[in-house]
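*Asks:* Sharing a structure with you now.
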Amino acid sequence: MILEAQGLSIAGRLDGVTCSLRPGDVTAICGPNGAGKSSLLLALAGLLDRDEGSVALGGTLHAGLADRARRIGYLPQAPEIAWDVTVRSIVELGRIPWRDQAREPVDAAIEALDLAGYEDRRAQALSGGEQARVLLARVLAGQPDWILADEPLAALDLAHQNALIRHLRAAADRGTGVVLVLHDLAMAMNHADRVLVLEEGRMVADGEPLEALSEDRISRTWGVNARWVHEKGARALIAT
């Protein structure tokens with residue numbers, strides 16, 4: 001089920017952005033601070049009013065909030081757990097759009113994020129990386145067609161970053177569309193199937209990582225002279 005944006009414009013944020021995203025792909029949205037990355041993600045989720053343009057899922061314009069909540073799982077930037085409740089209670093919140101208490105998708109999400117044995121622990125007492133896994137499990141429990149996550153790797157250590165990106169990759173391999181806002185260009189290069197680059201609200205690159213994050217594009221958009229080293233899947237960006 002393709003997620004499409006046509007001519008999205010939001011004053012001071014986005015300027016005529018068009019893209020067509022495929023399920024089963026990990027798509028990274030990259031760009032300098034203030035480029036419009038979070039705004040594009042919010043617009044794709046149907047959570048931000050537009051001045052111009054449209055967003056459609058499977059060729060159908062976004063419907064009501066309940067329908068969007070069933071089809072799109074949104075993970076905001078720097079999410080926090082506000083209630084001192086158990087891990088299982090947090091994950092069960094993912095079933096709210098379906099108005100049911102189905103155990104199987106909750107159990108599957110807990111298993112997928114390696115949270116078995118954590119169900120009765122208080123979520124606020126967990127480490128930042130563990131909380132990130134709990135919040136992603138909540139999204140997975142809703143069984144959305146799309147996962148949209150804003151800087152999901154921020155503030156995580158290297159081990160937790162690698163674990164979380166593996167879980168998102170696995171979700172994409174199961175057919176879920178995954179869209180991530182990322183500042184870490186090496187993460188985008190090594191783990192995304194496709195990269196969108198925004199600059200001052202405009203789309204300036206859209207393609208495979210080596211194309212969209214070419215050394216020339218990085219120089220023009222980020223103002224940094226840099227080069228990629230090593231092989232596919234393990235490339236590092238070296239400033240020169």
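Ordering of the structure tokens sets the chain letters (A, B, ...); residue numbers start at 1 within each chain; ligands are numbered from 1 in the order shown.
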Show me a table, sorted first by chain and then by increasing residue number, of the residues of stretch 14-87 of chain A having an atom at most 12 Å from stretch 218-225 of chain A, each with its shortest atom pair and the distance in Å to one decimal, counting only C-alpha atoms and written as JSON lines.
*Replies:*
```
{"residue": "A:Cys30", "atom": "CA", "partner": "A:Thr221", "partner_atom": "CA", "distance": 10.2}
{"residue": "A:Gly31", "atom": "CA", "partner": "A:Thr221", "partner_atom": "CA", "distance": 7.4}
{"residue": "A:Pro32", "atom": "CA", "partner": "A:Trp222", "partner_atom": "CA", "distance": 6.2}
{"residue": "A:Asn33", "atom": "CA", "partner": "A:Trp222", "partner_atom": "CA", "distance": 9.5}
{"residue": "A:Gly34", "atom": "CA", "partner": "A:Trp222", "partner_atom": "CA", "distance": 11.8}
{"residue": "A:Ala35", "atom": "CA", "partner": "A:Thr221", "partner_atom": "CA", "distance": 9.9}
```
*Asks:* Any chance you can output those residues with N, CA and C atoms as a PDB file, in the first residue's frame?
*Replies:*
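Once everything was written out, this is again_25.pdb:
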```
ATOM      1  N   CYS A  30      16.452  12.770   5.484  1.00  0.00           N
ATOM      2  CA  CYS A  30      17.640  13.430   6.011  1.00  0.00           C
ATOM      3  C   CYS A  30      17.656  14.896   5.591  1.00  0.00           C
ATOM      4  N   GLY A  31      18.477  15.672   6.281  1.00  0.00           N
ATOM      5  CA  GLY A  31      18.627  17.083   5.954  1.00  0.00           C
ATOM      6  C   GLY A  31      19.152  17.846   7.146  1.00  0.00           C
ATOM      7  N   PRO A  32      19.632  19.061   6.935  1.00  0.00           N
ATOM      8  CA  PRO A  32      20.131  19.873   8.045  1.00  0.00           C
ATOM      9  C   PRO A  32      19.006  20.245   9.015  1.00  0.00           C
ATOM     10  N   ASN A  33      19.369  20.789  10.155  1.00  0.00           N
ATOM     11  CA  ASN A  33      18.376  21.279  11.108  1.00  0.00           C
ATOM     12  C   ASN A  33      17.468  22.300  10.426  1.00  0.00           C
ATOM     13  N   GLY A  34      16.168  22.177  10.680  1.00  0.00           N
ATOM     14  CA  GLY A  34      15.211  23.128  10.116  1.00  0.00           C
ATOM     15  C   GLY A  34      14.863  22.888   8.667  1.00  0.00           C
ATOM     16  N   ALA A  35      15.257  21.732   8.122  1.00  0.00           N
ATOM     17  CA  ALA A  35      15.004  21.465   6.699  1.00  0.00           C
ATOM     18  C   ALA A  35      13.566  21.068   6.423  1.00  0.00           C
TER      19      ALA A  35
END
```
*Asks:* Which residues are close to A:Ala205, i.e. within 12 Å by only C-alpha atoms, leaving aside same-chain residues fewer than 6 positions away? Reply as a ChimeraX atom specification.
*Replies:* /A:17-19,28-31,194-199,211-214,216-218,220-221
*Asks:* With C-alpha atoms kept, could you save the residues just selected as an mmCIF file, in the first residue's frame?
*Replies:*
```cif
data_model
loop_
_atom_site.group_PDB
_atom_site.id
_atom_site.type_symbol
_atom_site.label_atom_id
_atom_site.label_comp_id
_atom_site.auth_asym_id
_atom_site.auth_seq_id
_atom_site.Cartn_x
_atom_site.Cartn_y
_atom_site.Cartn_z
ATOM 1 C CA VAL A 17 7.292 18.238 -1.613
ATOM 2 C CA THR A 18 6.246 15.197 -3.651
ATOM 3 C CA CYS A 19 7.203 11.587 -2.949
ATOM 4 C CA ALA A 28 15.277 7.691 5.571
ATOM 5 C CA ILE A 29 14.452 11.406 5.583
ATOM 6 C CA CYS A 30 17.640 13.430 6.011
ATOM 7 C CA GLY A 31 18.627 17.083 5.954
ATOM 8 C CA ARG A 194 15.944 4.883 -0.065
ATOM 9 C CA VAL A 195 16.868 8.362 1.144
ATOM 10 C CA LEU A 196 14.967 11.626 0.808
ATOM 11 C CA VAL A 197 17.032 14.774 1.374
ATOM 12 C CA LEU A 198 15.322 18.021 2.341
ATOM 13 C CA GLU A 199 16.851 21.476 2.280
ATOM 14 C CA GLU A 211 22.918 8.564 -5.032
ATOM 15 C CA ALA A 212 20.957 10.691 -2.550
ATOM 16 C CA LEU A 213 23.867 10.968 -0.102
ATOM 17 C CA SER A 214 26.636 11.430 -2.612
ATOM 18 C CA ASP A 216 28.658 16.214 -3.798
ATOM 19 C CA ARG A 217 25.142 16.337 -2.302
ATOM 20 C CA ILE A 218 26.539 16.347 1.252
ATOM 21 C CA ARG A 220 26.017 21.270 -1.219
ATOM 22 C CA THR A 221 23.331 20.585 1.392
#
```
*Asks:* Residues within 10 Å of A:Leu115, please, as a VMD selection string. Count only C-alpha atoms; anything in the same chain fewer than 4 positions from it doesn't count.
*Replies:* chain A and resid 87 to 88 107 109 to 111 119 130 133 to 134 137
*Asks:* Kindly save the residues from that selection, with N, CA and C atoms included, as a PDB file, in the first residue's frame.
*Replies:*
```pdb
ATOM      1  N   VAL A  87       5.239  -2.507  31.560  1.00  0.00           N
ATOM      2  CA  VAL A  87       5.603  -2.602  30.142  1.00  0.00           C
ATOM      3  C   VAL A  87       4.430  -3.130  29.328  1.00  0.00           C
ATOM      4  N   ARG A  88       3.773  -4.156  29.806  1.00  0.00           N
ATOM      5  CA  ARG A  88       2.658  -4.731  29.053  1.00  0.00           C
ATOM      6  C   ARG A  88       1.538  -3.704  28.861  1.00  0.00           C
ATOM      7  N   ASP A 107       1.585  -9.913  22.411  1.00  0.00           N
ATOM      8  CA  ASP A 107       2.622 -10.894  22.719  1.00  0.00           C
ATOM      9  C   ASP A 107       3.686 -10.923  21.617  1.00  0.00           C
ATOM     10  N   ALA A 109       4.563  -8.489  19.593  1.00  0.00           N
ATOM     11  CA  ALA A 109       5.387  -7.272  19.650  1.00  0.00           C
ATOM     12  C   ALA A 109       6.401  -7.357  20.785  1.00  0.00           C
ATOM     13  N   ILE A 110       5.971  -7.869  21.917  1.00  0.00           N
ATOM     14  CA  ILE A 110       6.882  -8.039  23.059  1.00  0.00           C
ATOM     15  C   ILE A 110       8.006  -8.997  22.696  1.00  0.00           C
ATOM     16  N   GLU A 111       7.677 -10.070  22.010  1.00  0.00           N
ATOM     17  CA  GLU A 111       8.694 -11.040  21.597  1.00  0.00           C
ATOM     18  C   GLU A 111       9.641 -10.427  20.566  1.00  0.00           C
ATOM     19  N   GLU A 119       7.430  -7.860  31.070  1.00  0.00           N
ATOM     20  CA  GLU A 119       6.031  -7.435  31.010  1.00  0.00           C
ATOM     21  C   GLU A 119       5.538  -6.775  32.292  1.00  0.00           C
ATOM     22  N   GLU A 130      15.809   0.586  26.706  1.00  0.00           N
ATOM     23  CA  GLU A 130      14.706  -0.334  26.953  1.00  0.00           C
ATOM     24  C   GLU A 130      13.368   0.355  26.739  1.00  0.00           C
ATOM     25  N   ARG A 133      12.549   0.511  23.099  1.00  0.00           N
ATOM     26  CA  ARG A 133      12.021  -0.763  22.608  1.00  0.00           C
ATOM     27  C   ARG A 133      10.563  -0.943  23.011  1.00  0.00           C
ATOM     28  N   VAL A 134      10.203  -0.531  24.222  1.00  0.00           N
ATOM     29  CA  VAL A 134       8.814  -0.635  24.683  1.00  0.00           C
ATOM     30  C   VAL A 134       7.900   0.211  23.797  1.00  0.00           C
ATOM     31  N   ALA A 137       7.467  -1.335  20.502  1.00  0.00           N
ATOM     32  CA  ALA A 137       6.565  -2.483  20.640  1.00  0.00           C
ATOM     33  C   ALA A 137       5.115  -2.028  20.666  1.00  0.00           C
TER      34      ALA A 137
END
```
*Asks:* If you run DSSP on the backbone, which residues of stretch 35-64 of chain A are helix (DSSP H, G or I), as a VMD selection string?
*Replies:* chain A and resid 37 to 44
*Asks:* May I have the residues from that selection written out with C-alpha atoms, as a short mmCIF file (atom, residue, chain, number, x, y, z; two decimals), in the first residue's frame?
*Replies:*
```
data_model
loop_
_atom_site.label_atom_id
_atom_site.label_comp_id
_atom_site.auth_asym_id
_atom_site.auth_seq_id
_atom_site.Cartn_x
_atom_site.Cartn_y
_atom_site.Cartn_z
CA LYS A 37 12.05 16.59 8.10
CA SER A 38 9.72 16.34 11.11
CA SER A 39 7.09 18.40 9.29
CA LEU A 40 7.13 15.99 6.34
CA LEU A 41 6.78 13.00 8.68
CA LEU A 42 3.86 14.63 10.52
CA ALA A 43 2.18 15.48 7.21
CA LEU A 44 2.60 11.89 5.97
#
```
*Asks:* Given the choices A:Asp145, A:Val139, A:Gln131, A:Gln161, which gets closest to A:Thr176 if the distance is worked out from only C-alpha atoms?
*Replies:* A:Asp145
*Asks:* Tell me, as a PDB file with N, CA and C atoms, in the first residue's frame, which residues lie within 9 Å of A:Pro23, counting only C-alpha atoms; anything in the same chain fewer than 2 positions away does not count.
*Replies:*
```pdb
ATOM      1  N   MET A   1       0.849  -1.184   0.000  1.00  0.00           N
ATOM      2  CA  MET A   1       0.000   0.000   0.000  1.00  0.00           C
ATOM      3  C   MET A   1       0.893   1.246   0.000  1.00  0.00           C
ATOM      4  N   ILE A   2       1.000   1.915  -1.124  1.00  0.00           N
ATOM      5  CA  ILE A   2       1.925   3.035  -1.304  1.00  0.00           C
ATOM      6  C   ILE A   2       1.439   4.255  -0.524  1.00  0.00           C
ATOM      7  N   LEU A   3       2.387   4.957   0.097  1.00  0.00           N
ATOM      8  CA  LEU A   3       2.118   6.209   0.810  1.00  0.00           C
ATOM      9  C   LEU A   3       2.668   7.339  -0.040  1.00  0.00           C
ATOM     10  N   LEU A  21       6.190   6.506  -1.544  1.00  0.00           N
ATOM     11  CA  LEU A  21       6.957   5.581  -0.721  1.00  0.00           C
ATOM     12  C   LEU A  21       6.373   4.180  -0.799  1.00  0.00           C
ATOM     13  N   ASP A  25      10.063  -1.115   2.269  1.00  0.00           N
ATOM     14  CA  ASP A  25      11.305  -0.338   2.230  1.00  0.00           C
ATOM     15  C   ASP A  25      11.536   0.360   3.556  1.00  0.00           C
ATOM     16  N   VAL A  26      12.806   0.539   3.898  1.00  0.00           N
ATOM     17  CA  VAL A  26      13.184   1.491   4.937  1.00  0.00           C
ATOM     18  C   VAL A  26      13.590   2.772   4.223  1.00  0.00           C
ATOM     19  N   ASP A 145       0.240  -0.659   8.795  1.00  0.00           N
ATOM     20  CA  ASP A 145       0.850  -0.865   7.479  1.00  0.00           C
ATOM     21  C   ASP A 145       2.147  -0.070   7.358  1.00  0.00           C
ATOM     22  N   TRP A 146       2.217   1.034   8.113  1.00  0.00           N
ATOM     23  CA  TRP A 146       3.378   1.919   8.041  1.00  0.00           C
ATOM     24  C   TRP A 146       3.834   2.306   9.441  1.00  0.00           C
ATOM     25  N   ALA A 172      10.252  -4.051   8.100  1.00  0.00           N
ATOM     26  CA  ALA A 172      10.180  -3.791   6.659  1.00  0.00           C
ATOM     27  C   ALA A 172      10.228  -5.092   5.870  1.00  0.00           C
ATOM     28  N   GLY A 175       7.059  -6.626   5.264  1.00  0.00           N
ATOM     29  CA  GLY A 175       6.152  -5.913   4.369  1.00  0.00           C
ATOM     30  C   GLY A 175       5.658  -4.581   4.872  1.00  0.00           C
ATOM     31  N   THR A 176       6.047  -4.197   6.083  1.00  0.00           N
ATOM     32  CA  THR A 176       5.646  -2.901   6.624  1.00  0.00           C
ATOM     33  C   THR A 176       6.481  -1.792   5.991  1.00  0.00           C
ATOM     34  N   GLY A 177       5.852  -0.681   5.682  1.00  0.00           N
ATOM     35  CA  GLY A 177       6.609   0.483   5.234  1.00  0.00           C
ATOM     36  C   GLY A 177       7.208   1.183   6.440  1.00  0.00           C
ATOM     37  N   VAL A 178       8.488   1.509   6.380  1.00  0.00           N
ATOM     38  CA  VAL A 178       9.184   2.160   7.488  1.00  0.00           C
ATOM     39  C   VAL A 178       9.799   3.454   6.989  1.00  0.00           C
TER      40      VAL A 178
END
```
*Asks:* Need to verify the contact set: A:Asp184, 10 Å, only C-alpha atoms, exclusion of same-chain residues closer than 3 positions in sequence. Can you return it as a ChimeraX atom specification?
*Replies:* /A:28,30-31,151,153-154,181,187-189,237
*Asks:* Under the rule that only C-alpha atoms are counted, which of A:Leu156, A:Leu180, A:Leu47, A:Ala141 is the nearest residue to A:Ala112?
*Replies:*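 Under the stated criterion, the closest residue is A:Ala141.
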*Asks:* So how many Å separate atom CA of A:Ser9 and atom CA of A:Ala149, to one decimal?
*Replies:*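 Atom CA of A:Ala149 lies at a distance of 20.8 Å from atom CA of A:Ser9.
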*Asks:* Report the distance between atom CA of A:His160 and atom CA of A:Gly129 in Å, rounded to one decimal place.
*Replies:*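 Separation between atom CA of A:His160 and atom CA of A:Gly129: 5.7 Å.
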*Asks:* I need the residues in stretch 5-236 of chain A that are strand (DSSP E or B) according to DSSP; give them as a PyMOL selection string.
*Replies:* chain A and resi 5-10+14-21+26-30+52-57+60-61+72-75+86+122+146-150+177-181+194-199+202-207+226-229+236
*Asks:* If you measure from atom CA of A:Ala56 to atom CA of A:Arg68, what distance in Å do you get, rounded to one decimal?
*Replies:*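 Answer for the atom CA of A:Ala56 to atom CA of A:Arg68 separation: 10.7 Å.
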